[in-house]
Amino acid sequence: MSDEPVTQQPNHEDDEPSASAIFVELMRQAAAKAAPKSRASAPERLAGQQALPEGAEPSLAPLDETHQIRRVRRRLALRRPHPSSMAGGFLGTIFVVVVSTALVATLLMFFVNPEFLNPAVVKGLQLDRDEIIAGIEAPRPTPVRTPQWLRRIGIISGHRGLGTNLNRDPGAVCYDAYQQPYLEEETINFAVSRRVVANLEALNFTVDMLDEFDPRLDDYRADALLSIHANSCIDFGEVVSGYIVSKSDARPDVGADVLLRECIALNYGAHIPLERSYNETEDMINNHAWRKIHPLTPGVILEMGFMLADQEILTTQHDLLAHAITMGILCYIENAGLSFGLPQAGERSADYLLPILATPTPIFGR
């Protein structure tokens, strides 16, 4: 036996890392490969750590803060389901109720024996064939007419309310041989206008008596508007007679304004022994009232006659003039909205005459 000391061989098994450390390192490397390139790899992070004592197993380093923040942000970014609104829940409930009711009714119709129902109820729900035919052939009830008091009519008394006694404008004036005024248009207009208003009010219409430049004319709303005037008293060297009915030249040649014009003209001519004249002036077709009233208010102006040739009628027949005008207004009010395919010309409806066709007025002298 030799006296030389025996050298102890190193134990390599103690230097080899354990299986768990190898597994951790493999997982760390896999995570480093899956992570973005900007992140430090596992070996780099291990290089920054302090050296482990011999025989100590490496521990798994915690994830860096950037990775944790990204995970939190991804969770917050997840779309959260919005709670259904009250209206949506209510509509859904209604839909379910309707579908359920229809389904139950269908099932009852197919699976319930009619003999279980009350015979009186069944009979009440059935319609006899004769009753059905009678119901089809029976005349339908006419719609309820608008009450008269809901219909508004405006009457303008021509030249009324223009200034005081010192600067008033009475309209046309007739002078005697000594150039003294003896007849004014305003007087004739007001005498006829107040009678027309009384006639319409007696028929339960709502009527407005308006001055020539009445402030109520601004955007005035009514079923009809009539401006009553008398024509000139100038001696033209020949007999100039007749009445004129004119609407705004800016309004169309069909529609409510035309029907109102023709109703007034037809009934006025039927009661007053004057011929209709078509010599409309600028003051008629472009009257100040047409620029003020509401676009849906039909309006016309009536020149009842010439104060020289037709003076006797204009001064002595106020009631007749008012009656003729009233009939013309009734003709329009009771037939407004109907087509112009009206009864034959001259056919009476109530106490007024109804025009067969409202045609554009021929205009002369313009």
# chains A, B, ... in the order shown; residues from 1 in each chain; ligands from 1

call {"tool": "select_by_dssp", "arguments": {"residues": "segment 130-328 of chain A", "states": "alpha helix (DSSP H)", "output": "PyMOL selection string"}}
result
chain A and resi 130-137+185-202+256-271+282-285+311-316+318-328

call {"tool": "residues_around", "arguments": {"residues": "Asp218 of chain A", "least_positions_apart": "3", "cutoff": "12 Å", "atoms": "only C-alpha atoms", "output": "list of chain:residue names"}}
result
A:Leu210, A:Phe213, A:Asp214, A:Pro215, A:Arg221, A:Ala222, A:His288, A:Ala289, A:Trp290, A:Arg291, A:Lys292, A:Ile293, A:His294, A:Pro295, A:Thr297

call {"tool": "select_by_dssp", "arguments": {"residues": "segment 271-354 of chain A", "states": "strand (DSSP E)", "output": "ChimeraX atom specification"}}
result
/A:299-306,348-349,352-353

call {"tool": "residues_around", "arguments": {"residues": "His318 of chain A", "least_positions_apart": "6", "cutoff": "12 Å", "atoms": "only C-alpha atoms", "output": "list in words"}}
result
Thr187, Ile188, Asn189, Phe190, Ala191, Val192, Ser193, Arg194, Arg195, Val196, Ile272, Met304, Gln311, Glu312, Ala324 and Ile325 of chain A

call {"tool": "closest_residue", "arguments": {"among": "A:Gly299, A:Asn286, A:Ala270, A:Arg216", "to": "Ala250 of chain A", "atoms": "only C-alpha atoms"}}
result
A:Asn286
